[in-house]
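Q: So here's work35.txt (compact mmCIF, C-alpha atoms).
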# COMPACT_ATOMS: atom_id res chain seq x y z
CA PHE A 1 -6.90 -62.94 -111.79
CA GLU A 2 -5.98 -59.94 -109.82
CA ALA A 3 -3.03 -59.97 -107.38
CA THR A 4 -3.53 -58.60 -103.87
CA TRP A 5 -0.90 -57.75 -101.30
CA ASP A 6 -1.08 -57.76 -97.55
CA ILE A 7 1.33 -55.56 -95.62
CA CYS A 8 3.78 -57.46 -93.44
CA TYR A 9 4.12 -56.83 -89.71
CA TYR A 10 7.33 -56.96 -87.77
CA GLU A 11 8.16 -57.08 -84.08
CA VAL A 12 9.69 -53.81 -82.76
CA SER A 13 10.96 -54.12 -79.18
CA PHE A 14 12.67 -51.79 -76.72
CA VAL A 15 14.89 -53.15 -73.93
CA VAL A 16 16.05 -51.15 -70.89
CA ASP A 17 18.41 -52.80 -68.37
CA GLY A 18 17.65 -56.26 -69.72
CA GLU A 19 13.86 -55.88 -69.55
CA VAL A 20 11.51 -55.45 -72.49
CA VAL A 21 9.65 -52.22 -71.77
CA GLN A 22 7.71 -52.04 -75.04
CA SER A 23 7.09 -54.58 -77.80
CA GLU A 24 4.68 -54.16 -80.72
CA ASN A 25 3.87 -55.76 -84.07
CA LEU A 26 3.97 -52.85 -86.50
CA ALA A 27 3.26 -52.64 -90.19
CA TYR A 28 6.26 -52.35 -92.50
CA GLY A 29 7.07 -48.69 -93.14
CA SER A 30 5.06 -47.32 -90.21
CA GLU A 31 6.67 -44.78 -87.89
CA ILE A 32 8.65 -46.07 -84.89
CA VAL A 33 8.04 -44.17 -81.64
CA ALA A 34 10.45 -44.98 -78.84
CA PRO A 35 9.23 -45.05 -75.23
CA GLU A 36 10.44 -42.51 -72.66
CA VAL A 37 13.41 -43.83 -70.71
CA ALA A 38 13.22 -43.35 -66.95
CA GLU A 39 16.16 -41.68 -65.21
CA LYS A 40 18.73 -44.07 -63.83
CA GLU A 41 20.72 -42.97 -60.77
CA GLY A 42 24.34 -42.26 -61.62
CA TYR A 43 23.87 -42.71 -65.38
CA THR A 44 22.87 -40.68 -68.44
CA PHE A 45 20.78 -42.16 -71.25
CA VAL A 46 22.75 -41.70 -74.49
CA GLY A 47 20.51 -43.39 -77.07
CA TRP A 48 19.50 -46.70 -78.56
CA SER A 49 21.54 -49.53 -80.08
CA PRO A 50 21.23 -50.05 -82.94
CA GLU A 51 20.52 -46.41 -83.78
CA LEU A 52 16.78 -45.76 -83.69
CA LEU A 53 15.15 -46.10 -87.11
CA GLN A 54 12.40 -43.72 -88.23
CA TYR A 55 10.29 -46.43 -89.94
CA VAL A 56 9.71 -50.17 -89.43
CA PRO A 57 12.14 -52.17 -91.58
CA SER A 58 11.38 -55.50 -93.29
CA TYR A 59 12.61 -57.50 -90.28
CA ASP A 60 12.11 -57.75 -86.52
CA VAL A 61 14.25 -55.30 -84.57
CA VAL A 62 15.27 -54.89 -80.91
CA PHE A 63 16.51 -51.51 -79.67
CA THR A 64 18.52 -51.55 -76.45
CA ALA A 65 18.90 -48.48 -74.23
CA GLN A 66 22.50 -47.32 -73.82
CA PHE A 67 23.71 -45.52 -70.69
CA GLU A 68 26.94 -43.76 -69.78
CA VAL A 69 28.13 -43.71 -66.17
CA ASN A 70 28.27 -40.20 -64.69
CA VAL A 71 31.43 -38.73 -63.19
CA TYR A 72 31.37 -36.75 -59.94
CA THR A 73 33.98 -34.75 -58.01
CA LEU A 74 35.38 -35.80 -54.63
CA THR A 75 37.13 -32.92 -52.84
CA TYR A 76 39.04 -33.00 -49.55
CA TYR A 77 39.47 -29.75 -47.59
CA LEU A 78 41.92 -29.34 -44.74
CA ASP A 79 41.44 -26.24 -42.60
CA GLU A 80 39.12 -24.86 -45.33
CA GLU A 81 41.71 -25.23 -48.13
CA VAL A 82 41.44 -27.79 -50.96
CA VAL A 83 44.19 -30.38 -50.47
CA TYR A 84 42.99 -33.06 -52.89
CA SER A 85 40.37 -33.32 -55.60
CA THR A 86 39.58 -36.11 -58.05
CA GLU A 87 36.82 -37.20 -60.38
CA LEU A 88 35.27 -40.63 -59.89
CA GLU A 89 32.62 -42.56 -61.76
CA TYR A 90 29.37 -43.31 -59.93
CA GLY A 91 29.85 -46.49 -57.87
CA ALA A 92 33.67 -46.42 -57.98
CA PRO A 93 35.41 -47.27 -54.69
CA VAL A 94 36.43 -44.21 -52.66
CA GLU A 95 39.82 -44.34 -50.99
CA GLU A 96 40.38 -42.17 -47.92
CA TYR A 97 42.92 -39.44 -48.52
CA THR A 98 45.70 -39.14 -45.93
CA PRO A 99 46.72 -35.49 -45.67
CA GLU A 100 50.20 -34.14 -45.09
CA VAL A 101 50.22 -31.96 -41.99
CA ALA A 102 52.52 -29.04 -41.25
CA GLU A 103 55.20 -29.52 -38.62
CA GLY A 104 53.92 -28.78 -35.14
CA ARG A 105 50.32 -29.63 -36.08
CA LYS A 106 48.27 -32.82 -35.92
CA PHE A 107 45.39 -34.06 -38.08
CA ASP A 108 42.13 -34.02 -36.08
CA GLY A 109 40.15 -36.16 -38.53
CA TRP A 110 37.43 -35.82 -41.17
CA GLN A 111 34.11 -34.25 -40.21
CA GLU A 112 31.98 -36.12 -42.75
CA GLU A 113 31.75 -39.86 -43.17
CA ILE A 114 33.68 -40.94 -46.25
CA PRO A 115 31.47 -43.04 -48.52
CA GLU A 116 32.66 -46.52 -49.49
CA PHE A 117 31.55 -45.95 -53.09
CA MET A 118 31.06 -42.73 -55.06
CA PRO A 119 27.42 -41.59 -54.82
CA ALA A 120 25.48 -39.86 -57.61
CA HIS A 121 26.59 -36.37 -56.54
CA ASP A 122 29.73 -34.38 -55.78
CA VAL A 123 31.20 -35.00 -52.32
CA ASP A 124 33.09 -32.54 -50.09
CA ILE A 125 35.01 -33.87 -47.09
CA HIS A 126 36.32 -31.40 -44.48
CA GLY A 127 39.10 -31.94 -41.97
CA THR A 128 40.96 -29.87 -39.44
CA THR A 129 44.36 -29.74 -37.83
CA SER A 130 45.39 -28.37 -34.48
CA GLU A 131 48.61 -27.32 -32.84
CA ILE A 132 50.50 -30.08 -31.08
CA PRO A 133 50.98 -28.99 -27.49
CA SER A 134 54.53 -29.13 -26.15
CA GLY A 135 55.97 -29.66 -22.70
CA ILE A 136 53.59 -30.40 -19.85
CA ALA A 137 50.61 -29.41 -22.00
CA ALA A 138 51.57 -32.22 -24.43
CA ILE A 139 51.75 -34.74 -21.59
CA VAL A 140 48.35 -33.70 -20.28
CA ALA A 141 46.85 -33.86 -23.79
CA GLU A 142 48.41 -37.29 -24.40
CA LEU A 143 47.07 -38.65 -21.11
CA GLY A 144 43.54 -37.50 -21.94
CA ASN A 145 43.19 -34.19 -20.09
CA ASP A 146 42.10 -35.93 -16.89
CA VAL A 147 45.34 -36.18 -14.92
CA ASP A 148 46.25 -34.74 -11.58
CA ILE A 149 49.27 -32.43 -11.21
CA TYR A 150 51.32 -32.31 -7.99
CA ASN A 151 54.20 -30.15 -6.79
CA LEU A 152 57.52 -31.68 -5.66
CA GLN A 153 56.24 -31.93 -2.08
CA GLY A 154 53.36 -34.16 -3.27
CA ARG A 155 50.66 -31.55 -2.77
CA LEU A 156 47.81 -31.73 -5.33
CA LEU A 157 47.81 -28.54 -7.42
CA ILE A 158 45.28 -29.33 -10.16
CA LYS A 159 42.78 -32.17 -10.30
CA ASN A 160 41.65 -33.29 -13.78
CA ALA A 161 43.99 -30.87 -15.52
CA ASP A 162 43.44 -29.70 -19.07
CA ALA A 163 45.75 -27.79 -21.44
CA LYS A 164 44.32 -24.42 -20.34
CA CYS A 165 45.08 -25.13 -16.65
CA VAL A 166 48.60 -26.23 -17.52
CA SER A 167 49.30 -23.06 -19.49
CA GLN A 168 48.58 -21.02 -16.35
CA LEU A 169 51.14 -22.86 -14.20
CA PRO A 170 54.33 -20.93 -13.42
CA ALA A 171 57.70 -22.33 -14.49
CA GLY A 172 58.83 -25.17 -12.26
CA ILE A 173 58.99 -28.91 -11.71
CA TYR A 174 55.74 -30.86 -11.43
CA ILE A 175 54.76 -34.49 -10.90
CA ILE A 176 52.29 -36.07 -13.35
CA ASN A 177 51.47 -39.78 -13.12
CA GLY A 178 54.46 -40.33 -10.85
CA LYS A 179 56.99 -38.71 -13.21
CA LYS A 180 58.76 -35.36 -12.88
CA TYR A 181 58.29 -32.73 -15.64
CA LEU A 182 59.92 -29.35 -16.07
CA LYS A 183 57.79 -26.43 -17.24
CA LYS A 184 59.89 -23.62 -18.67
As structure tokens, how would this structure be written, given the file I've shared?
A:
Amino acid sequence: FEATWDICYYEVSFVVDGEVVQSENLAYGSEIVAPEVAEKEGYTFVGWSPELLQYVPSYDVVFTAQFEVNVYTLTYYLDEEVVYSTELEYGAPVEEYTPEVAEGRKFDGWQEEIPEFMPAHDVDIHGTTSEIPSGIAAIVAELGNDVDIYNLQGRLLIKNADAKCVSQLPAGIYIINGKKYLKK
């Protein structure tokens, strides 16, 4: 009698994001070739778990793709200067930054829409400030730049006044929305 041996075959599977992307019955000792892993937005492929073997072992094996979440930079600029910068993982919630504004200035708002969650790229958000008008100019600005200005005798001086018109008025007392204001 002469003994003969048949090589054993084992299941070698690859799983990416819970789905089997490749599964083969391979002969014991044959070379294992992993499939290419497609790019995944916001993540970097870091290898297989368990660590990829070079040859088929004497048992079935399942290799699972491992990913690391990417980190991106969120930067807020106010009047072209960086006022806040942080690193956030892809998909992390983004909280709106509230800037501190110098005395005599007001925050005009952010120019870009602030994402709810961190996207798969760096984000720059720009904002501006402007001088807070004082005196009659402040009143006009507060009322929406569409007020009428009268002299003390009730004569209309400026219809739909804006801050520029107000700055050209001479010193004196004026009536705006039924109230008296002094311009120095």
Q: What gap, in Å, lies between atom CA of A:Glu51 and atom CA of A:Ala38?
A: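 If I compute the distance from atom CA of A:Glu51 to atom CA of A:Ala38, I get 18.6 Å.
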Q: Between A:Leu78, A:Ile175, A:Val94, A:Val123, which is the closest to A:Gly109 once you count all atoms listed in the file?
A: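 Ranking A:Leu78, A:Ile175, A:Val94, A:Val123 by distance to A:Gly109, first place goes to A:Leu78.
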Q: My list of candidates is A:Ile125, A:Val37, A:Ala161, A:Ala27. Which is closest to A:Tyr76 when distances are computed with all atoms listed in the file?
A: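 The shortest atom-to-atom distance to A:Tyr76 comes from A:Ile125.
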Q: Of the residues A:Leu88, A:Leu74, A:Val20, A:Val12, which is the one nearest to A:Tyr55, using only C-alpha atoms?
A: A:Val12
Q: Using only C-alpha atoms, list the residues that have an atom at most 12 Å from (17.4, -45.0, -77.7), coordinates as in the file, as a list in words.
A: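 These residues have at least one counted atom within 12 Å: Ser13, Phe14, Val15, Val16, Ile32, Val33, Ala34, Pro35, Glu36, Val37, Ala38, Thr44, Phe45, Val46, Gly47, Trp48, Ser49, Pro50, Glu51, Leu52, Leu53, Gln54, Val62, Phe63, Thr64, Ala65, Gln66 and Phe67 of chain A.
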